[in-house]
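The block underneath contains the structure these notes are about, expressed in structure tokens.
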Amino acid sequence: MNEMTRRHFLERSSHGLGSVALASLLNQSLIAERSRTLPGKAKRIIYLFQSGGPPQMDLFDPKPQLEKFHGKEVPKSVFNGQRLTGMTAGQTSFPVAKSTFNFKQAGQSGQWLNSDLLPHLSKVADNISVIRSMHTEAINHDPAITFFQTGFQLAGRPSIGSWLSYGLGSENANLPAFVAMTSNRSGQALYDRLWGAGFLPSKHQGVRFRSGKDPVLYLNNPEGISTDLRRKTLDQIGALNRIHHQEFYDPEIETRIAQYEMAYRMQMSVPELTDVSSEPDSTFKLYGEDARKPGTYAHNALMARRLSERGVRFVQLFHRGWDTHSGLAKQLTQRCKETDQASAALLTDLKQRGLLDDTLIVWGGEFGRTVYSQGNLTPNGFGRDHHPRCFSMWLGGGGINPGQSIGETDEYSYNITKDPVSVHDLHASILHLLGVDHKQLTFKFQGRHYRLTDVHGELIKPLIA
Amino acid sequence: MKIARAFKINLSWNSVVSRTVNQVVPLLSRTLLTLIFSASSGTAQNISFNRDVLPILSDACFTCHGPDSETREANLRLDVEKEAKANRDGFPAIASGNPDESELVFRILNEDPDEIMPPPDAHRQLTDSERQTLQKWIKEGARWENHWAFVKPLSPPLPKPSNSEWPENPIDHFILHTLDQENLSPSSEASRKKIIRRVTLDLTGLPPTLEEIRSFLSDKESGAYERAVDRLLTSPRYGETMALPWLEAARFADTDGYQFDGPRFMWRWRDWVIEAYNKNKPFDEFTIEQIAGDLLPNATLDQKIATGFNRNHRYNSEAGLVPEEFLLENAVDRVDTTSTVFLGLTMGCARCHDHKYDPISQKNYYEMLAFFNNIPEFGRAIKAGNSEPYIPAPTKPQQAQLALLEAKVLAAQKEIDAIAKTLPNQQPDFDKAESLVNRGLNYQHPPEVLSFDGTQSIDIKSVPLTKKKNAPTRFQVFTPLGRYSVSLWVKPSEVKSGTIISHQTDKNARGTGMNLQFKDGHLRFSVITRWIAGVAQVETIEKIPANEWTHLTLTFHGQLRATNQHIFVNGREARLKVLHNTNSNTGSAKKTTPLRLGGYPDDYLKGDLRDLRVYDRPLKPREILTLAGNPEAKAQTIFLEQGPAIEAHRKLIAAETKRDQFIRAFPTTMVMKENLTIKETHIRKRGVYHALGEKVHRDVPDILPPLSKNLPRNRLGLARWIASPENPLTARVTVNRYWQKYFGTGLVKTSEDFGVQGEKPSHPKLLDWLATEFIRSGWDIKHLQKLIVTSATYRQQSNLTPKLLEVDPHNRLLARGPRQRLPSHVIRDQALALSGLLVEKVGGPSVSPYQPKNLWIEMSMGQKYKQSTGEDLFRRSLYTIWKRTVNPPSMAVLDAADREACWVGTKRTNTPLQALTLLNETAFVESARKLAERILREKPKNPISHAFQLVTQRTPRPDEKEILTQGLRTYLAHFKANPDAATSLIKIGTSSVPKDLNPVELAAHTTLANVLLNLDEVITKE
């Protein structure tokens, strides 16, 4: 990147600190101009990642036929040489387990949703489109979530949020372009590199907002140093750095001065941002009372709205516990209780604020689950193993064509029969909705021009308005 | 005249290929352009293939016309001279000396979207100047060269300096030569205070002490700087500092990575690296030992530890994984890391298809992989701990202590021998001998014969061994981590199947626990932690006869390892094959699970059983022989357990127990090891583990010198080939990384890629000189560091000027010294050192300094961060525990490599999160308060100047001093008005709060120190 020369240019053209801060803003808009080559409607994304692999046939992909197959073996023809995980590969019997929940058609669009588990989403179903024909190449959690986050199964590539930070920059100089949040519940592990920058400059990595008093690491001054005193120390650091700059003339010093100022602005703005106590009661009615408790999914969903409102480009929530190898019914009910109302509230809330048109919402996990039971098929104890061949996700807002169900699967919800959508296709479409051509957003590393979509990716045509 | 001739050619061409009329127009403009260009550039420098042409061809053309046969279009490759110049339907792609007859030129100048190259939808298009370069090159004869990095470097002659005063060593001749060409002159030498700080930070990763500065400044003799450098090179801190980038390159970490990311223990390897640098192990040995130390004749423990280099990769323990897939991933990581670190090659690109840019085929890739996939590993990592293969790796003090314990064992043995000598040689009274081998006997079944008819089992309850509350039960020894033995006599009437004993949660062969079964005449011993993901299973090679009494003993040395499972048949150890070795969980049967004799419903035993014994320890061979009825062993055992040696034997056991316990506490470390038979290697189509292609054999890439016939075709041969002076890459790649360490950027900027797509060296001759000098010196690493830091180039001051900023913003020409923000670990270590908190202790297990609460638990699967206490909070940052999925936050934010995969570059960003970290993180605030305490205690005449000098190693200018003085005044007033705030601030961290100092004053000085530690100058090497 030619940041040095650019800074240098600005430095020469107008002296003083303002120019550097201006430079960093200019930088973002310059890149934004470069990367936004398509007329995408969405300006920002909220990605609700459901980690562990939600079961598609229990949520979005109803299979009434399973009633008659229940308890019977999945036919060999359906498996068709499928690779199983090490957990069920040794299993000798693969009994079909029907969904124990009810589906109903929702909204004017009449999409089928699980009405027992997703009552709130059902009410706003006309705002979303469900893709029932997602598929992935990975069958284990780590490669699968890494694939979704970076377009590649092995660690090392930039995450989708950092690609967007690199491509579009931030709309708010006081906040990072990419914020990740995790709910405080256990489940499959999450890790920093899921929102890492890979080989992109590290400033594009996602910043994790944590629950509690230090939402951004080291945001708070040490005990005993008040805001007022911090301001004074920053003035002195700035003054001394400026003297040093006169002697060394290194633009890096100017950037440092600007970044210390930015740090201060973050100290000033983030507490206000994360303090939801100023929200009216109606907010908590909408998102649920959980939204008052930091660390819950509902709270994070509310935070996502507050971040989006302030121009954060990419907000990603991670909710764990969808890995239902056993005791599926109970676990699934619980997960939906934790997430359904807040996910639906986000759609409603953004719509009320006129933000839904330019905010894209994505909901989904890293793979689906098997129609057959893992272990013995008992009414309450049964579970489902990982299933990469088909699963469901939904998208809302941000210039999509709402009210559709895209793609079809066979009667076992095992294989895709119509309009398969790969992870690369999803990535290409997300970028497209933000006005970015996935083939043009590249970064040269190790002699190669890398892309989020590698050498793949077709747009999901029916999804894009 | 010229134009007319051009027309002629043009027309004749046109007729030859009979192009349609509408193509004539672009053809015309093409010719004109050629002419205009050739007329206007007569005086310019000649085109160099490597410098000017190859980068264009590679970047814009090779994707479709390069080494990758899969994506090659029109069967044309431009990376091979012969093919590019071959006649194709009457005219070649490249006609030497004749742009007009070159199809390539026709295509790149074309305007017809069907003809133009690159095609209109290609991501990479040519610029006008690139088009001109290609034409000019063809016109000049299209001279081909091998890619520079694949040609062995020769020591170039030194350019004659324009200023003979300036150069300190040959490096400077090359640098000055380029500066002359650019009409630049070197900057003046940095002040002595600046240079001692710079070189101390570079060679030790710590700032100089006041005493070191004083002694350097007072050394007025010539050679003072060289002496300082020599002193720094012998500091133990040097090895630590050199090790850090190597740890990043070798993706060293304290956890496995992937989703569970459990702990592993590789610090013995890390300490090997530090010691190698401190002892100045030559780089060729350093290389050979890390790649193939285990294969060296009579390999020492240290040489085996060194091979951990290729075990530092991530390793998945996920239950659902398919081991074959991760066996491939492990080998892939080894190839990628080894080729990046030593060869600067991006071999990884050839995993799925032929390399797009470099002449490395997919076949080459798997030929390399075949060196790295033949190790006894099983494709699934142990969840918590080291995975096969690993070895005990006692430290030097432990080795010394072990020798003492061994001596005690030997002494006890001698005592026994002495007693034996005094005895008359007579047969012991076997009949009088009561039960032998009783130590650790948890259970013994009455000696009568039990008969099984294949329909039922006998279940023996697992009762507590003592009456104490929560006492262990007698079969609780059967854990996958435990140590135990089982001895029994069996007379099977059927050996095709039948479970002899089992201790499992479920009544079937898959239940968690252990079992011993007949399988087609063989014996199979399984330890199951989670079917089928976690099974360790061994089977005898020999068969057991039916209808005959056979004595069997199982011993297990625990640690989830199939290689720790042994079977003895009639007292002799049986040869085993390992069927599964993927235990990674620690699940075992319940405390109360009974021991089942004769099996379970799936697989009952037919035959007789007697004299079952369960021990809580692995028995010794003599004891096993005794139980199997061997008369000599029995005689010995009677002598030891009941005879005159009883006391001496007790002593022996005590000494052995002590020794064995000591050995069990040894750290272990993962190593490379070869399987006895070489595993077949196949090309994997599209890089996918189960898509087997052609079979391949171990070899090095075609583009590089061949593997000499004198070298073995194994890792050792490969290692010697890499570390050979004949290898064109190794020395260049290595010296380039050293250069990068000092100047922030390598002579080749893309230190990870010396291939065709990599950046060309800024000073190619200097690179070759350094590489050949490195080899000439016997790969002397310290010699290379000294050459660089004693060069005049390095010793220049690092101030920029408007002119330098204009012509060379990135300092690639080096008309000034290096100036970069310090790496993350140096910033922290410096703060600890300045405050006096730093604990300078080399090596040992990784430590856990301050970290915000709950960072691990919030994301991991139940893993909690256990913060260290005491001095481990203040060790150098290279000892900080590195969890791959949750990196130490203050390091990560300051651009440390994430250690997921090999990383040899440098990253230096400048972000607000870094500011927050340096201002507020506990270690930095605690350092500030300890620095404040130091200032107050040293009672200098002028505390502000003193403090400033401590952190910058220079005296403040008056305006700087004024700002600080005013600041201190403000802080004093602030804390005087807020004494509680003062008390809070001076408590931060864990080190003691001084009672004798005034809290207000201490807090004010702490704030001052916090300011000082955040100055750009302080966190920058300049």
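Residues are named by chain letter and number: chains run A, B, ... in the order of the structure tokens, numbers start at 1 in each chain, and ligands are numbered from 1 in the order shown.
Backbone DSSP over region 88-198 of chain A yields strand (DSSP E or B) at Pro95, Val96, Phe103, Lys104, Gln105, Ala106, Gln111, Trp112, Leu113, Asn114, Ile128, Ser129, Val130, Ile131, Arg132, Ser133, Met134, His135, Phe178, Val179, Ala180, Met181 and Thr182 of chain A.
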Q: List the neighbours of region 762-774 of chain B out to 9 Å using only C-alpha atoms; skip same-chain residues closer than 2 positions along the sequence, and give me the result as an MDAnalysis selection string.
A: chainID B and resid 152:158 170:171 173:175 178 725 730:736 746:749 759:760 776:781 783:784 812:813
Q) Counting only C-alpha atoms, which of A:Gly71, A:Pro271, A:Gly399, A:Gly52 gets nearest to chain B? A)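 Selected residue with least distance to chain B: A:Gly52.
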Q.
Tell me as a count of residues only which residues belonging to chain B come within 7 Å of chain A, counting only C-alpha atoms.
A. 46
Q) In region 5-235 of chain B, what's helix (DSSP H, G or I) per DSSP? Answer as a ChimeraX atom specification? A) /B:5-17,21-40,49-65,81-84,99-101,103-109,128-139,148-150,170-181,192-204,210-218,224-233
Q | Residue neighbourhood region 325-330 of chain B, 12 Å, only C-alpha atoms, exclusion window fewer than 4 positions, as a ChimeraX atom specification | A | /A:83,85-86,138-140,143,153-155 /B:256,258,310-318,320-321,334-337,348,351,366,369-370,372-381,582,672,679,681-684,687-692,901
Q: May I have the residues within 12 Å of Pro379 (chain A) as a ChimeraX atom specification, using only C-alpha atoms and disregarding those fewer than 6 positions away in the same chain?
A: /A:70-71,97-100,326-330,373
Q) Leaving out region 352-356 of chain A and any residue of its chain fewer than 2 positions from it, which residues lie within 10 Å of it when counting only C-alpha atoms, given as a list of chain:residue names? A)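 Counting only C-alpha atoms, the residues come to A:Ala42, A:Lys43, A:Arg44, A:Asn127, A:Arg305, A:Ser308, A:Glu309, A:Leu346, A:Leu347, A:Thr348, A:Asp349, A:Leu350, A:Asp358, A:Thr359, A:Leu360, A:Ile361, A:Gly396, A:Gly397, A:Gly398, A:Gly399.
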**Q.** Shell of 12 Å around Ser77 (chain A), only C-alpha atoms, local chain residues under 5 positions omitted, as a ChimeraX atom specification
**A.** /A:82,410,412,414-415
Would you mind exporting C-alpha atoms of the selected residues as a PDB file, in the first residue's frame?
ATOM      1  CA  GLN A  82     -21.218 -39.402   1.856  1.00  0.00           C
ATOM      2  CA  ASP A 410     -34.709 -33.880  -1.079  1.00  0.00           C
ATOM      3  CA  TYR A 412     -34.735 -36.337   3.749  1.00  0.00           C
ATOM      4  CA  TYR A 414     -30.044 -34.625   2.954  1.00  0.00           C
ATOM      5  CA  ASN A 415     -29.158 -33.560  -0.599  1.00  0.00           C
TER       6      ASN A 415
END
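Proximity of B:Val614, B:Leu936, B:Val538, B:Ala299 to Thr553 (chain B), computed with only C-alpha atoms, is greatest for B:Val614.
When CA of Thr586 (chain B) is paired with CA of Pro480 (chain B), their separation reads 6.2 Å.
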